[in-house]
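Next comes my_file_27.cif, a file with mmCIF, C-alpha atoms, pLDDT in the B column; chains and numbers go by the auth columns.
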data_model
#
loop_
_atom_site.group_PDB
_atom_site.id
_atom_site.type_symbol
_atom_site.label_atom_id
_atom_site.label_comp_id
_atom_site.label_asym_id
_atom_site.label_seq_id
_atom_site.Cartn_x
_atom_site.Cartn_y
_atom_site.Cartn_z
_atom_site.B_iso_or_equiv
_atom_site.auth_seq_id
_atom_site.auth_asym_id
ATOM 1 C CA MET A 1 0.000 0.000 0.000 50.00 23 I
ATOM 2 C CA THR A 2 1.399 3.406 -0.994 51.00 24 I
ATOM 3 C CA THR A 3 0.585 6.620 0.874 51.00 25 I
ATOM 4 C CA THR A 4 0.436 9.703 -1.301 51.00 26 I
ATOM 5 C CA PRO A 5 1.189 12.974 0.496 54.00 27 I
ATOM 6 C CA ASP A 6 -1.206 15.875 0.098 53.00 28 I
ATOM 7 C CA ALA A 7 -0.073 18.554 -2.348 51.00 29 I
ATOM 8 C CA PRO A 8 0.482 22.095 -0.939 53.00 30 I
ATOM 9 C CA VAL A 9 -1.810 24.737 -2.394 52.00 31 I
ATOM 10 C CA ARG A 10 -1.558 28.477 -1.781 54.00 32 I
ATOM 11 C CA ARG A 11 -4.760 30.311 -1.180 55.00 33 I
ATOM 12 C CA SER A 12 -5.768 33.101 -3.532 57.00 34 I
ATOM 13 C CA TRP A 13 -4.638 36.664 -2.754 60.00 35 I
ATOM 14 C CA SER A 14 -7.338 38.317 -0.606 70.00 36 I
ATOM 15 C CA ALA A 15 -8.575 41.891 -0.656 76.00 37 I
ATOM 16 C CA TRP A 16 -7.322 42.421 2.891 79.00 38 I
ATOM 17 C CA ARG A 17 -3.799 41.524 1.848 79.00 39 I
ATOM 18 C CA THR A 18 -3.998 44.154 -0.883 84.00 40 I
ATOM 19 C CA VAL A 19 -5.105 46.707 1.713 85.00 41 I
ATOM 20 C CA TRP A 20 -2.150 45.845 3.985 85.00 42 I
ATOM 21 C CA VAL A 21 0.320 46.141 1.112 86.00 43 I
ATOM 22 C CA ILE A 22 -1.126 49.519 0.113 89.00 44 I
ATOM 23 C CA LEU A 23 -0.940 50.693 3.724 91.00 45 I
ATOM 24 C CA GLY A 24 2.653 49.503 3.986 87.00 46 I
ATOM 25 C CA SER A 25 3.534 51.337 0.764 90.00 47 I
ATOM 26 C CA LEU A 26 1.982 54.540 2.101 92.00 48 I
ATOM 27 C CA LEU A 27 3.994 54.207 5.310 91.00 49 I
ATOM 28 C CA ILE A 28 7.174 53.766 3.265 91.00 50 I
ATOM 29 C CA LEU A 29 6.397 56.848 1.155 93.00 51 I
ATOM 30 C CA LEU A 30 5.562 58.954 4.199 93.00 52 I
ATOM 31 C CA GLY A 31 8.599 57.747 6.105 90.00 53 I
ATOM 32 C CA GLY A 32 10.867 58.414 3.139 91.00 54 I
ATOM 33 C CA GLY A 33 9.474 61.936 2.780 92.00 55 I
ATOM 34 C CA LEU A 34 10.074 62.659 6.465 91.00 56 I
ATOM 35 C CA LEU A 35 13.623 61.336 6.199 91.00 57 I
ATOM 36 C CA VAL A 36 14.299 63.641 3.255 92.00 58 I
ATOM 37 C CA GLY A 37 12.759 66.587 5.112 90.00 59 I
ATOM 38 C CA GLY A 38 14.767 65.817 8.226 89.00 60 I
ATOM 39 C CA GLY A 39 17.958 65.629 6.172 90.00 61 I
ATOM 40 C CA ILE A 40 17.198 69.033 4.633 86.00 62 I
ATOM 41 C CA GLY A 41 16.562 70.412 8.120 83.00 63 I
ATOM 42 C CA LEU A 42 19.937 69.161 9.350 85.00 64 I
ATOM 43 C CA TRP A 43 21.603 70.683 6.302 84.00 65 I
ATOM 44 C CA ALA A 44 19.857 74.013 6.929 77.00 66 I
ATOM 45 C CA HIS A 45 20.941 73.912 10.577 77.00 67 I
ATOM 46 C CA SER A 46 24.542 73.439 9.481 79.00 68 I
ATOM 47 C CA GLN A 47 24.365 76.562 7.281 75.00 69 I
ATOM 48 C CA ARG A 48 24.237 78.972 10.230 76.00 70 I
ATOM 49 C CA ASP A 49 26.944 81.595 10.533 73.00 71 I
ATOM 50 C CA ALA A 50 29.437 81.814 13.377 74.00 72 I
ATOM 51 C CA ASN A 51 26.862 83.573 15.572 74.00 73 I
ATOM 52 C CA GLY A 52 24.211 80.932 15.015 73.00 74 I
ATOM 53 C CA TYR A 53 22.043 82.847 12.518 73.00 75 I
ATOM 54 C CA HIS A 54 20.430 81.669 9.307 70.00 76 I
ATOM 55 C CA THR A 55 20.976 84.675 7.036 70.00 77 I
ATOM 56 C CA ALA A 56 19.598 85.847 3.692 69.00 78 I
ATOM 57 C CA GLY A 57 21.174 88.707 1.772 66.00 79 I
ATOM 58 C CA PRO A 58 22.576 91.264 1.573 75.00 80 I
ATOM 59 C CA GLU A 59 20.252 92.715 -1.061 79.00 81 I
ATOM 60 C CA ARG A 60 19.687 96.281 -2.181 84.00 82 I
ATOM 61 C CA VAL A 61 16.549 98.178 -1.141 84.00 83 I
ATOM 62 C CA SER A 62 15.902 101.763 -2.133 85.00 84 I
ATOM 63 C CA THR A 63 13.257 104.435 -2.431 88.00 85 I
ATOM 64 C CA ASP A 64 13.073 108.114 -3.357 90.00 86 I
ATOM 65 C CA ALA A 65 10.693 108.642 -0.431 91.00 87 I
ATOM 66 C CA TYR A 66 11.540 109.331 3.205 93.00 88 I
ATOM 67 C CA ALA A 67 11.178 105.805 4.556 92.00 89 I
ATOM 68 C CA LEU A 68 10.989 102.129 3.705 90.00 90 I
ATOM 69 C CA THR A 69 8.590 100.035 5.755 89.00 91 I
ATOM 70 C CA ALA A 70 7.693 96.389 6.148 82.00 92 I
ATOM 71 C CA PRO A 71 4.356 96.717 7.932 68.00 93 I
ATOM 72 C CA SER A 72 2.131 94.309 9.803 65.00 94 I
ATOM 73 C CA LEU A 73 4.590 91.651 10.938 58.00 95 I
ATOM 74 C CA ASP A 74 1.917 89.838 12.904 46.00 96 I
ATOM 75 C CA VAL A 75 3.382 87.474 15.495 48.00 97 I
ATOM 76 C CA GLY A 76 0.544 85.663 17.226 43.00 98 I
ATOM 77 C CA ILE A 77 1.869 82.500 18.856 42.00 99 I
ATOM 78 C CA THR A 78 0.177 81.416 22.076 43.00 100 I
ATOM 79 C CA GLY A 79 0.664 78.434 24.325 44.00 101 I
ATOM 80 C CA PRO A 80 2.896 77.217 27.142 43.00 102 I
ATOM 81 C CA ASP A 81 6.267 78.801 27.714 42.00 103 I
ATOM 82 C CA ALA A 82 8.040 76.193 25.566 39.00 104 I
ATOM 83 C CA LEU A 83 5.954 77.227 22.574 41.00 105 I
ATOM 84 C CA TYR A 84 6.293 80.995 22.781 46.00 106 I
ATOM 85 C CA ALA A 85 7.496 82.867 19.721 50.00 107 I
ATOM 86 C CA ASN A 86 10.977 83.570 21.047 52.00 108 I
ATOM 87 C CA ASP A 87 11.479 79.849 21.680 55.00 109 I
ATOM 88 C CA LEU A 88 10.256 78.933 18.203 60.00 110 I
ATOM 89 C CA LEU A 89 11.810 81.733 16.174 61.00 111 I
ATOM 90 C CA GLY A 90 14.643 82.861 18.426 70.00 112 I
ATOM 91 C CA ASP A 91 16.326 86.177 17.720 74.00 113 I
ATOM 92 C CA VAL A 92 15.973 88.237 14.564 76.00 114 I
ATOM 93 C CA ARG A 93 18.932 90.181 13.222 80.00 115 I
ATOM 94 C CA ILE A 94 18.694 92.842 10.515 83.00 116 I
ATOM 95 C CA SER A 95 21.949 94.221 9.144 83.00 117 I
ATOM 96 C CA LEU A 96 22.160 97.151 6.754 85.00 118 I
ATOM 97 C CA GLU A 97 24.636 99.593 5.323 86.00 119 I
ATOM 98 C CA SER A 98 24.004 102.763 3.392 87.00 120 I
ATOM 99 C CA ARG A 99 25.240 102.852 -0.179 88.00 121 I
ATOM 100 C CA ASN A 100 26.245 106.429 0.561 85.00 122 I
ATOM 101 C CA ALA A 101 28.994 106.060 3.145 80.00 123 I
ATOM 102 C CA GLU A 102 28.407 109.578 4.501 84.00 124 I
ATOM 103 C CA THR A 103 24.672 109.098 5.114 87.00 125 I
ATOM 104 C CA PRO A 104 23.771 107.722 8.544 92.00 126 I
ATOM 105 C CA LEU A 105 20.882 105.277 8.553 92.00 127 I
ATOM 106 C CA PHE A 106 18.190 104.427 11.071 93.00 128 I
ATOM 107 C CA ILE A 107 16.410 101.094 11.461 91.00 129 I
ATOM 108 C CA GLY A 108 13.725 100.403 14.007 91.00 130 I
ATOM 109 C CA ILE A 109 11.026 97.907 14.933 91.00 131 I
ATOM 110 C CA GLY A 110 7.941 99.219 16.649 91.00 132 I
ATOM 111 C CA PRO A 111 4.240 98.542 17.183 92.00 133 I
ATOM 112 C CA ALA A 112 2.453 98.795 13.841 90.00 134 I
ATOM 113 C CA THR A 113 -0.108 101.286 15.152 92.00 135 I
ATOM 114 C CA ASP A 114 2.560 103.665 16.494 93.00 136 I
ATOM 115 C CA VAL A 115 4.605 103.405 13.297 92.00 137 I
ATOM 116 C CA ALA A 116 1.495 104.133 11.218 91.00 138 I
ATOM 117 C CA LYS A 117 0.809 107.268 13.283 93.00 139 I
ATOM 118 C CA TYR A 118 4.406 108.459 12.900 93.00 140 I
ATOM 119 C CA LEU A 119 4.345 107.935 9.116 93.00 141 I
ATOM 120 C CA ASP A 120 0.850 109.355 8.641 92.00 142 I
ATOM 121 C CA GLY A 121 1.222 111.985 5.943 92.00 143 I
ATOM 122 C CA VAL A 122 4.912 111.089 5.415 93.00 144 I
ATOM 123 C CA GLY A 123 6.060 109.980 1.986 93.00 145 I
ATOM 124 C CA HIS A 124 7.212 106.378 2.264 93.00 146 I
ATOM 125 C CA SER A 125 7.369 103.092 0.340 90.00 147 I
ATOM 126 C CA GLU A 126 5.735 100.028 1.821 88.00 148 I
ATOM 127 C CA VAL A 127 7.026 96.563 0.963 83.00 149 I
ATOM 128 C CA SER A 128 4.112 94.611 -0.487 78.00 150 I
ATOM 129 C CA ASP A 129 5.891 91.510 -1.784 71.00 151 I
ATOM 130 C CA PHE A 130 9.336 90.089 -2.378 64.00 152 I
ATOM 131 C CA ASP A 131 10.946 87.117 -4.063 63.00 153 I
ATOM 132 C CA VAL A 132 14.110 85.436 -2.838 55.00 154 I
ATOM 133 C CA ASP A 133 15.545 83.832 -5.976 56.00 155 I
ATOM 134 C CA PRO A 134 16.065 86.095 -7.795 59.00 156 I
ATOM 135 C CA PHE A 135 15.659 88.778 -5.172 61.00 157 I
ATOM 136 C CA ARG A 136 12.986 91.272 -6.111 70.00 158 I
ATOM 137 C CA VAL A 137 10.993 93.672 -3.934 73.00 159 I
ATOM 138 C CA SER A 138 7.641 95.219 -4.796 79.00 160 I
ATOM 139 C CA TYR A 139 6.638 98.479 -3.144 83.00 161 I
ATOM 140 C CA VAL A 140 3.417 100.388 -2.624 87.00 162 I
ATOM 141 C CA PRO A 141 4.153 104.145 -2.694 89.00 163 I
ATOM 142 C CA HIS A 142 2.505 106.438 -0.168 91.00 164 I
ATOM 143 C CA PRO A 143 2.989 110.074 -1.233 92.00 165 I
ATOM 144 C CA GLY A 144 3.512 112.622 1.491 91.00 166 I
ATOM 145 C CA ASP A 145 5.777 115.162 3.110 93.00 167 I
ATOM 146 C CA ALA A 146 8.913 114.948 5.235 92.00 168 I
ATOM 147 C CA PRO A 147 8.569 113.612 8.803 92.00 169 I
ATOM 148 C CA SER A 148 8.062 116.203 11.517 88.00 170 I
ATOM 149 C CA ALA A 149 10.756 114.617 13.731 90.00 171 I
ATOM 150 C CA ASP A 150 13.756 112.361 13.322 91.00 172 I
ATOM 151 C CA PRO A 151 12.982 108.655 13.757 93.00 173 I
ATOM 152 C CA ALA A 152 15.427 108.184 16.645 90.00 174 I
ATOM 153 C CA ALA A 153 13.476 110.797 18.650 91.00 175 I
ATOM 154 C CA GLN A 154 10.453 108.474 18.837 92.00 176 I
ATOM 155 C CA THR A 155 9.988 106.474 22.024 92.00 177 I
ATOM 156 C CA PHE A 156 7.910 103.544 20.767 93.00 178 I
ATOM 157 C CA TRP A 157 10.716 101.528 19.180 93.00 179 I
ATOM 158 C CA VAL A 158 11.275 98.120 20.818 91.00 180 I
ATOM 159 C CA ALA A 159 14.608 97.782 18.998 89.00 181 I
ATOM 160 C CA SER A 160 16.555 100.302 16.917 89.00 182 I
ATOM 161 C CA ASP A 161 19.990 101.294 15.681 90.00 183 I
ATOM 162 C CA SER A 162 21.373 104.276 13.803 89.00 184 I
ATOM 163 C CA GLY A 163 24.629 105.720 12.514 90.00 185 I
ATOM 164 C CA THR A 164 27.060 105.496 9.630 89.00 186 I
ATOM 165 C CA GLY A 165 28.708 102.352 8.398 87.00 187 I
ATOM 166 C CA PRO A 166 27.302 98.855 8.957 88.00 188 I
ATOM 167 C CA ARG A 167 24.340 98.817 11.365 86.00 189 I
ATOM 168 C CA THR A 168 22.846 95.792 13.090 85.00 190 I
ATOM 169 C CA LEU A 169 19.517 95.477 14.853 84.00 191 I
ATOM 170 C CA SER A 170 18.830 92.435 17.040 83.00 192 I
ATOM 171 C CA TRP A 171 15.350 91.670 18.328 81.00 193 I
ATOM 172 C CA ASP A 172 13.884 88.932 20.519 77.00 194 I
ATOM 173 C CA VAL A 173 10.706 88.007 18.643 74.00 195 I
ATOM 174 C CA ALA A 174 7.649 88.835 20.733 73.00 196 I
ATOM 175 C CA ASP A 175 3.912 88.515 20.356 74.00 197 I
ATOM 176 C CA GLY A 176 2.258 91.495 18.669 79.00 198 I
ATOM 177 C CA ASN A 177 1.832 93.372 15.400 84.00 199 I
ATOM 178 C CA TRP A 178 5.059 95.056 14.355 87.00 200 I
ATOM 179 C CA SER A 179 6.532 97.187 11.591 88.00 201 I
ATOM 180 C CA VAL A 180 10.130 97.533 10.438 89.00 202 I
ATOM 181 C CA VAL A 181 11.228 101.005 9.311 91.00 203 I
ATOM 182 C CA VAL A 182 14.415 102.013 7.472 92.00 204 I
ATOM 183 C CA MET A 183 15.139 105.727 7.086 92.00 205 I
ATOM 184 C CA ASN A 184 17.991 108.140 6.857 92.00 206 I
ATOM 185 C CA ALA A 185 18.842 109.096 10.425 91.00 207 I
ATOM 186 C CA ASP A 186 18.051 112.782 9.787 90.00 208 I
ATOM 187 C CA GLY A 187 14.726 111.933 8.121 90.00 209 I
ATOM 188 C CA SER A 188 15.894 113.138 4.729 91.00 210 I
ATOM 189 C CA GLN A 189 14.558 111.916 1.410 90.00 211 I
ATOM 190 C CA GLY A 190 16.075 109.042 -0.557 91.00 212 I
ATOM 191 C CA VAL A 191 16.941 105.769 1.212 89.00 213 I
ATOM 192 C CA ASP A 192 19.417 103.404 -0.434 90.00 214 I
ATOM 193 C CA ALA A 193 20.925 100.512 1.494 89.00 215 I
ATOM 194 C CA ASP A 194 22.070 96.894 1.402 87.00 216 I
ATOM 195 C CA VAL A 195 20.036 94.788 3.826 83.00 217 I
ATOM 196 C CA SER A 196 20.395 91.244 5.118 79.00 218 I
ATOM 197 C CA VAL A 197 18.023 89.435 7.469 76.00 219 I
ATOM 198 C CA GLY A 198 18.782 86.520 9.764 74.00 220 I
ATOM 199 C CA GLY A 199 17.218 84.461 12.522 72.00 221 I
ATOM 200 C CA THR A 200 18.467 81.854 14.965 73.00 222 I
ATOM 201 C CA LEU A 201 15.400 79.601 14.421 74.00 223 I
ATOM 202 C CA PRO A 202 16.121 77.180 17.291 74.00 224 I
ATOM 203 C CA ILE A 203 13.120 75.073 16.284 77.00 225 I
ATOM 204 C CA VAL A 204 14.852 73.842 13.098 80.00 226 I
ATOM 205 C CA LEU A 205 17.080 71.230 14.761 83.00 227 I
ATOM 206 C CA PRO A 206 14.375 69.599 16.958 84.00 228 I
ATOM 207 C CA ILE A 207 12.001 69.414 13.991 86.00 229 I
ATOM 208 C CA ALA A 208 14.716 67.855 11.804 88.00 230 I
ATOM 209 C CA ILE A 209 15.570 65.244 14.452 91.00 231 I
ATOM 210 C CA ALA A 210 11.889 64.438 15.040 91.00 232 I
ATOM 211 C CA ALA A 211 11.322 64.039 11.297 91.00 233 I
ATOM 212 C CA LEU A 212 14.266 61.646 11.017 91.00 234 I
ATOM 213 C CA VAL A 213 13.113 59.529 13.963 92.00 235 I
ATOM 214 C CA VAL A 214 9.455 59.370 12.906 92.00 236 I
ATOM 215 C CA GLY A 215 10.401 58.844 9.270 91.00 237 I
ATOM 216 C CA GLY A 216 12.702 55.968 10.164 91.00 238 I
ATOM 217 C CA VAL A 217 10.022 54.294 12.291 92.00 239 I
ATOM 218 C CA LEU A 218 7.370 54.625 9.570 91.00 240 I
ATOM 219 C CA LEU A 219 9.759 53.311 6.927 91.00 241 I
ATOM 220 C CA ILE A 220 10.566 50.233 9.017 92.00 242 I
ATOM 221 C CA LEU A 221 6.894 49.620 9.824 92.00 243 I
ATOM 222 C CA GLY A 222 5.978 49.826 6.146 89.00 244 I
ATOM 223 C CA ILE A 223 8.683 47.371 5.124 91.00 245 I
ATOM 224 C CA VAL A 224 7.735 44.938 7.908 90.00 246 I
ATOM 225 C CA LEU A 225 4.032 45.167 7.074 88.00 247 I
ATOM 226 C CA ILE A 226 4.579 44.374 3.391 87.00 248 I
ATOM 227 C CA THR A 227 7.095 41.611 4.150 87.00 249 I
ATOM 228 C CA VAL A 228 4.855 39.892 6.680 84.00 250 I
ATOM 229 C CA THR A 229 1.786 40.198 4.439 82.00 251 I
ATOM 230 C CA VAL A 230 3.549 38.624 1.465 79.00 252 I
ATOM 231 C CA ALA A 231 5.413 35.958 3.442 77.00 253 I
ATOM 232 C CA THR A 232 2.484 34.660 5.507 71.00 254 I
ATOM 233 C CA ARG A 233 0.122 33.575 2.776 60.00 255 I
ATOM 234 C CA ARG A 234 -1.420 30.504 4.388 55.00 256 I
ATOM 235 C CA THR A 235 -0.793 27.164 2.737 52.00 257 I
ATOM 236 C CA VAL A 236 -3.406 24.391 2.702 49.00 258 I
ATOM 237 C CA ARG A 237 -2.900 20.821 1.571 52.00 259 I
ATOM 238 C CA ARG A 238 -5.105 19.164 -1.028 55.00 260 I
ATOM 239 C CA PRO A 239 -5.247 15.349 -1.342 56.00 261 I
ATOM 240 C CA VAL A 240 -3.461 14.063 -4.419 53.00 262 I
ATOM 241 C CA GLN A 241 -5.500 11.827 -6.695 57.00 263 I
ATOM 242 C CA PRO A 242 -3.895 8.365 -6.935 57.00 264 I
ATOM 243 C CA ALA A 243 -2.424 7.352 -10.243 54.00 265 I
ATOM 244 C CA PRO A 244 -4.195 4.686 -12.281 58.00 266 I
ATOM 245 C CA GLY A 245 -3.707 1.259 -10.700 56.00 267 I
ATOM 246 C CA GLN A 246 -2.528 2.813 -7.424 55.00 268 I
ATOM 247 C CA ILE A 247 -4.484 1.820 -4.322 55.00 269 I
ATOM 248 C CA PRO A 248 -5.555 4.940 -2.333 54.00 270 I
ATOM 249 C CA ALA A 249 -4.254 5.215 1.145 54.00 271 I
ATOM 250 C CA PRO A 250 -6.869 4.367 3.803 55.00 272 I
#

Could you take the file, read its structure, and then write that structure out as structure tokens?
Amino acid sequence: MTTTPDAPVRRSWSAWRTVWVILGSLLILLGGGLLVGGGIGLWAHSQRDANGYHTAGPERVSTDAYALTAPSLDVGITGPDALYANDLLGDVRISLESRNAETPLFIGIGPATDVAKYLDGVGHSEVSDFDVDPFRVSYVPHPGDAPSADPAAQTFWVASDSGTGPRTLSWDVADGNWSVVVMNADGSQGVDADVSVGGTLPIVLPIAIAALVVGGVLLILGIVLITVTVATRRTVRRPVQPAPGQIPAP
């Protein structure tokens, strides 16, 4: 008597297995994207200058009016101390130098409402838009007269600097609605300067590390999910029909 072993048969591919493979693929794509983003974040963190600032510029800004303004810098971050604006954005640094070495410049940051009152009726150019690459600034002109007082005489500035040669303004970002003003220190007409802007952005490194960790976990989960789904297709055994003249096993 001959015993014929059952033949292994793989079950058909189920819809649920397709779902798991799709889910695993999505996890791999998401994890890969986070890994790329985290790598870019680490690269950006490494591009800081010696003082720890990410800097753009210098670029030329100019106007025939009495002032250049970047109005309505609305900083509205709320939450626990660890999430305040100065913890997320760090310090802001604005460096500028007049293209006329003999002309002293003034730069100041102040509450938008106070700046608007000071420049009410004063001819100035308001930055409406700018592009980084290539650098291009669009202005909205506001016709008017000369200011009634020099900018440094105002008391509402939260940060300011003035004088000849290179000038640097540093500001701890705070909640509020702010405006940046660049003028000649004596309030005269025609502002022409090279400006660069930088920030410490301490949040960049933690975000980059978090993206790398989460991305790596998702990538591994996706690979494991697909591998397990494909490798664990259940196998059943089907009796083999005996050959002609062969006595079936009891």

Output check: residues returned by the PyMOL selection byres ((chain I and resi 89-93) around 8), as JSON, numbers by chain: {"I": [84, 85, 87, 88, 94, 95, 134, 145, 146, 147, 148, 149, 150, 200, 201, 202, 203, 204, 205, 206, 209, 211, 212, 213]}

Residues in the PyMOL selection byres ((chain I and resi 57) around 7), expressed as a list of chain:residue names: I:Gly53, I:Gly54, I:Gly55, I:Leu56, I:Val58, I:Gly59, I:Gly60, I:Gly61, I:Ala233, I:Leu234, I:Gly237, I:Gly238

Atom CA of I:Ser210 to atom CA of I:Pro80, distance in Å rounded to a single decimal: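 It comes out at 23.1 Å.
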
Mind checking which residues fall within 12 Å of I:Gln69, counting all atoms listed in the file, ignoring those fewer than 6 positions away in the same chain, and posting them as a compact mmCIF listing (two decimals) with C-alpha atoms, in the coordinates of the input?
# COMPACT_ATOMS: atom_id res chain seq x y z
CA ILE I 62 17.20 69.03 4.63
CA GLY I 63 16.56 70.41 8.12
CA TYR I 75 22.04 82.85 12.52
CA HIS I 76 20.43 81.67 9.31
CA THR I 77 20.98 84.68 7.04
CA ALA I 78 19.60 85.85 3.69
CA GLY I 220 18.78 86.52 9.76
CA GLY I 221 17.22 84.46 12.52
CA THR I 222 18.47 81.85 14.96
CA LEU I 223 15.40 79.60 14.42
CA VAL I 226 14.85 73.84 13.10
CA LEU I 227 17.08 71.23 14.76

Of the listed residues I:Pro165, I:Gly112, I:Leu49, I:Ser68, that which approaches I:Ile242 most closely, counting all atoms listed in the file: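 Closest to I:Ile242 of all the choices is I:Leu49.
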
Straight-line distance linking atom CA of I:Ala123 with atom CA of I:Pro163, stated in Å to one decimal: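 It comes out at 25.6 Å.
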
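Counting only C-alpha atoms, the residue from I:Val180, I:Ala171, I:Leu247, I:Ile231 that sits nearest to I:Arg39 is I:Leu247.
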
Pick from I:Asp71, I:Leu45, I:Ile229, I:Leu51, whichever lies nearest to I:Leu241 using only C-alpha atoms: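 For I:Leu241, the nearest of the candidates is I:Leu51.
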
Reference answer for the PyMOL selection byres ((chain I and resi 126) around 6), as number ranges by chain: I: 125, 127, 185-186, 207

Let's have the selection written as a PDB file, keeping the file's coordinate frame, with C-alpha atoms.
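Below you can see result_20.pdb, which holds the result:
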ATOM      1  CA  THR I 125      24.672 109.098   5.114  1.00 87.00           C
ATOM      2  CA  LEU I 127      20.882 105.277   8.553  1.00 92.00           C
ATOM      3  CA  GLY I 185      24.629 105.720  12.514  1.00 90.00           C
ATOM      4  CA  THR I 186      27.060 105.496   9.630  1.00 89.00           C
ATOM      5  CA  ALA I 207      18.842 109.096  10.425  1.00 91.00           C
TER       6      ALA I 207
END

Point-to-point distance in Å for atom CA of I:Ile116 and atom CA of I:Glu81: 11.7 Å

Draw an axis-aligned box tight on the listed atoms of stretch 43-46 of chain I, then pad every side by 5 Å and write out centre and edge lengths in Å to one decimal as JSON.
{"center_x": 0.8, "center_y": 48.4, "center_z": 2.0, "size_x": 13.8, "size_y": 14.6, "size_z": 13.9}

All residues 10 Å or closer to I:Arg121, only C-alpha atoms, same chain fewer than 3 positions away omitted, as a list in words: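 Once the nearby chain positions are removed, what remains is Arg82, Val83, Ser84, Leu118, Glu124, Thr125, Gly187, Val213, Asp214, Ala215 and Asp216 of chain I.
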
Keeping only C-alpha atoms, write those residues as a PDB file, in the coordinates of the input.
ATOM      1  CA  ARG I  82      19.687  96.281  -2.181  1.00 84.00           C
ATOM      2  CA  VAL I  83      16.549  98.178  -1.141  1.00 84.00           C
ATOM      3  CA  SER I  84      15.902 101.763  -2.133  1.00 85.00           C
ATOM      4  CA  LEU I 118      22.160  97.151   6.754  1.00 85.00           C
ATOM      5  CA  GLU I 124      28.407 109.578   4.501  1.00 84.00           C
ATOM      6  CA  THR I 125      24.672 109.098   5.114  1.00 87.00           C
ATOM      7  CA  GLY I 187      28.708 102.352   8.398  1.00 87.00           C
ATOM      8  CA  VAL I 213      16.941 105.769   1.212  1.00 89.00           C
ATOM      9  CA  ASP I 214      19.417 103.404  -0.434  1.00 90.00           C
ATOM     10  CA  ALA I 215      20.925 100.512   1.494  1.00 89.00           C
ATOM     11  CA  ASP I 216      22.070  96.894   1.402  1.00 87.00           C
TER      12      ASP I 216
END
